[in-house]
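Participant: Here it is, the structure, as structure tokens.
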Amino acid sequence: MAQMTLQLYDYTDDELRNVMKQVQQDGLAIFTEQEYTEAQLTSIFKRIGECEAPGLFMNDPDHPEIFKVSGERDAEGNKIGMFGDGELGWHSNGNSRHQIDKILIGLYCVKGDPNTTLSICNTSQPYYDLSEDEREYYESIKIKIKFKNHTMYSLDDDDPELEFMNKNRGSIRNLIGVHPHNDLKYFYFPYHFICGAWEGKKKVDHEPIIEKLIPKIFKSKHQTHHIFQQGDMLFMDQFTSLHRRTPVMGPRLLWRVASDYKRMWN
């Protein structure tokens with residue numbers, strides 16, 4: 001008889017905490033052959049921290065912590081999930097928000113598309129690859145971040161996602177952040193959202209900064225590429241990673257959950 005793969009909901013708190021340490025350091029962790037109901041998936045995240053549950057059209061009505069990620073539409077032509085089926089540029093959760101606290105993202109594959117690839121880039125290691133002078137320079141930079149349509153992805157004017165994305169007022173953040181749970185430094189670099197920059201108190205042009213950093217951060221050695229199959233579970237830390245997606249070519253459904261780490265680290 002084939003042995004069933006150990007399911008994450010059966011992990012002890014210490015085992016789950018060790019997984020989260022890996023996620024925070026590496027930016028991601030991938031598990032396969034997981035079999036979850038909606039309740040089992042949300043129970044894992046509720047052991048880790050508080051979950052986001054805004055009650056939007058893409059949230060499961062019975063399990064509002066779950067966001068459907070899908071390009072499918074219902075019988076009336078309405079979207080059932082977020083992010084559609086187009087290409088998604090490099091981003092992480094909450095880039096356009098003033099406060100980012102849900103820094104753990106989980107994606108569980110209900111139905112995969114063999115022609116769609118998710119790429120994840122570690123944003124901590126590129127900092128430690130720099131010289132001391134480069135680190136000092138980039139630590140002096142602050143960036144202004146706000147969502148702009150037709151950059152990271154494109155939304156129609158009547159798309160319900162566009163309404164709540166435009167409500168976010170954006171933020172000014174340090175280009176180099178310090179992870180709250182392990183003190184690792186990382187680049188906060190969702191460059192599609194960057195619309196201003198300062199070196200110390202001096203306003204500077206943000207475009208040359210972006211152009212110089214893209215080849216430093218997005219090296220192949222910092223990236224992992226994944227094609228979802230049913231039962232795959234991917235965790236990503238939204239400070240120590242960025243991710244992007246190729247267009248979805250067929251039916252595909254992911255369950256997405258966003259949380260903090262408050263129940264494992266104060």
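Identifiers for the structure tokens are assigned positionally: chains receive A, B, ... in sequence, residues are indexed from 1 per chain, and ligands are indexed from 1 in the order shown.
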Could you list, as a list in words, every residue within 8 Å of Ile105 (chain A), counting only C-alpha atoms and ignoring same-chain residues fewer than 4 positions away?
Facilitator: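 Close residues of Ile105 (chain A): Asn93, Phe235, Met236, Asp237, Gln238, Arg256, Val257, Ala258 and Ser259 of chain A.
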Participant: I need the residues from that last selection saved to file as a PDB file, in the first residue's frame (with C-alpha atoms), if you can.
Facilitator:
ATOM      1  CA  ASN A  93       1.153  41.064  -1.293  1.00  0.00           C
ATOM      2  CA  PHE A 235       4.295  29.415   0.914  1.00  0.00           C
ATOM      3  CA  MET A 236       5.930  32.779   0.181  1.00  0.00           C
ATOM      4  CA  ASP A 237       7.220  35.499   2.486  1.00  0.00           C
ATOM      5  CA  GLN A 238       6.234  38.871   1.066  1.00  0.00           C
ATOM      6  CA  ARG A 256      -4.877  31.817  -1.675  1.00  0.00           C
ATOM      7  CA  VAL A 257      -4.551  32.732   2.007  1.00  0.00           C
ATOM      8  CA  ALA A 258      -2.686  35.721   3.469  1.00  0.00           C
ATOM      9  CA  SER A 259      -1.689  35.978   7.130  1.00  0.00           C
TER      10      SER A 259
END
Participant: At what distance in Å, to one decimal, does CA of Glu33 (chain A) lie from CA of Leu8 (chain A)?
Facilitator: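 Atom-to-atom, CA of Leu8 (chain A) to CA of Glu33 (chain A), that is 10.4 Å.
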Participant: From the options A:Ala197, A:Cys109, A:Met249, A:Ile66, which residue's atoms come nearest to Gln230 (chain A), counting only C-alpha atoms?
Facilitator: A:Cys109
Participant: Using DSSP on the backbone, list every residue of region 105-223 of chain A that comes out as helix (DSSP H, G or I), and give them as JSON, numbers by chain.
Facilitator: {"A": [125, 126, 127, 128, 132, 133, 134, 135, 136, 137, 138, 139, 160, 161, 162, 163, 164, 165, 166, 167, 191, 192, 193, 206, 207, 208, 209, 210, 211, 212, 213, 214, 215, 216, 217, 220, 221, 222]}
Participant: Tell me which of A:Asn115, A:Ser140, A:Gln229, A:Asn95 sits closest to Thr32 (chain A), counting only C-alpha atoms.
Facilitator: A:Gln229
Participant: Using DSSP assignments from the backbone, pull out every residue in region 18-161 of chain A that falls under strand (DSSP E) and give it to me as a count of residues only.
Facilitator: 32
Participant: Which residues, written as an MDAnalysis selection string, have at least one atom at most 12 Å from Ile214 (chain A), with only C-alpha atoms counted and residues fewer than 3 positions away on the same chain left out?
Facilitator: chainID A and resid 90 121 123 126 187 189:192 207:211 217:220
Participant: Name the residues in contact with Phe193 (chain A) at a cut-off of 6 Å, using only C-alpha atoms, excluding same-chain residues fewer than 4 positions from it; report them as a compact mmCIF listing (two decimals) with N, CA and C atoms, in the first residue's frame.
Facilitator:
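Here's the written file part_33.txt:
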# COMPACT_ATOMS: atom_id res chain seq x y z
N ILE A 145 5.51 54.22 -3.40
CA ILE A 145 4.89 53.07 -4.05
C ILE A 145 3.38 53.29 -4.15
N LYS A 146 2.84 53.09 -5.34
CA LYS A 146 1.38 53.18 -5.52
C LYS A 146 1.00 52.36 -6.75
N PHE A 147 -0.16 51.72 -6.69
CA PHE A 147 -0.63 50.92 -7.82
C PHE A 147 -0.95 51.82 -9.01
Participant: Rounded to one decimal place, report the CA of Thr246 (chain A)-CA of Val23 (chain A) distance in Å.
Facilitator: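 Computing it gives 22.7 Å between the two atoms.
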Participant: I want to know what sits within 12 Å of Lys202 (chain A), based on only C-alpha atoms, with residues of the same chain fewer than 2 positions away left out; could you give that as JSON, numbers by chain?
Facilitator: {"A": [140, 141, 142, 143, 196, 197, 198, 199, 200, 204, 205, 206]}
Participant: Could you tell me which of A:Arg73, A:Lys144, A:His222, A:Lys68 comes closest to Ser124 (chain A) if we count only C-alpha atoms?
Facilitator: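 Among the listed residues, A:His222 lies closest to Ser124 (chain A).
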Participant: So that I can see what lies close to Asp13 (chain A), please list as JSON, numbers by chain the residues with an atom at most 9 Å from it, counting only C-alpha atoms and leaving out residues fewer than 2 positions away in the same chain.
Facilitator: {"A": [11, 15, 16, 17, 18, 47, 48, 264]}
Participant: Could you turn the residues from that selection into a file that holds N, CA and C atoms, as a PDB file, in the first residue's frame?
Facilitator:
ATOM      1  N   TYR A  11       1.304  18.588  11.137  1.00  0.00           N
ATOM      2  CA  TYR A  11       2.576  19.017  11.716  1.00  0.00           C
ATOM      3  C   TYR A  11       2.360  19.522  13.140  1.00  0.00           C
ATOM      4  N   GLU A  15       7.232  21.868  14.298  1.00  0.00           N
ATOM      5  CA  GLU A  15       7.514  21.533  12.899  1.00  0.00           C
ATOM      6  C   GLU A  15       7.013  22.631  11.968  1.00  0.00           C
ATOM      7  N   LEU A  16       5.826  23.154  12.254  1.00  0.00           N
ATOM      8  CA  LEU A  16       5.274  24.219  11.423  1.00  0.00           C
ATOM      9  C   LEU A  16       6.100  25.492  11.561  1.00  0.00           C
ATOM     10  N   ARG A  17       6.578  25.773  12.772  1.00  0.00           N
ATOM     11  CA  ARG A  17       7.422  26.948  12.988  1.00  0.00           C
ATOM     12  C   ARG A  17       8.728  26.834  12.195  1.00  0.00           C
ATOM     13  N   ASN A  18       9.293  25.647  12.126  1.00  0.00           N
ATOM     14  CA  ASN A  18      10.519  25.454  11.349  1.00  0.00           C
ATOM     15  C   ASN A  18      10.275  25.680   9.854  1.00  0.00           C
ATOM     16  N   ARG A  47      -3.208  28.735  12.818  1.00  0.00           N
ATOM     17  CA  ARG A  47      -2.203  28.350  13.813  1.00  0.00           C
ATOM     18  C   ARG A  47      -0.974  29.251  13.716  1.00  0.00           C
ATOM     19  N   ILE A  48      -0.766  29.845  12.548  1.00  0.00           N
ATOM     20  CA  ILE A  48       0.419  30.683  12.322  1.00  0.00           C
ATOM     21  C   ILE A  48       0.151  32.130  12.710  1.00  0.00           C
ATOM     22  N   MET A 264       2.972  32.642  16.072  1.00  0.00           N
ATOM     23  CA  MET A 264       4.251  31.939  16.226  1.00  0.00           C
ATOM     24  C   MET A 264       5.363  32.867  16.685  1.00  0.00           C
TER      25      MET A 264
END
Participant: Could you check which of A:Gly94, A:Asp129, A:Thr116, A:Gln223 is closest to Gly170 (chain A), using only C-alpha atoms?
Facilitator: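 Among the listed residues, A:Gly94 lies closest to Gly170 (chain A).
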Participant: Might you pull out every residue within 12 Å of Asp10 (chain A), with only C-alpha atoms counted and same-chain residues fewer than 4 positions away left off, and present them as a list in words?
Facilitator: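 The filter keeps Thr5, Leu6, Asp14, Glu15, Leu16, Gln34, Glu35, Tyr36, Gln40, Leu41, Ser43, Ile44 and Arg47 of chain A.
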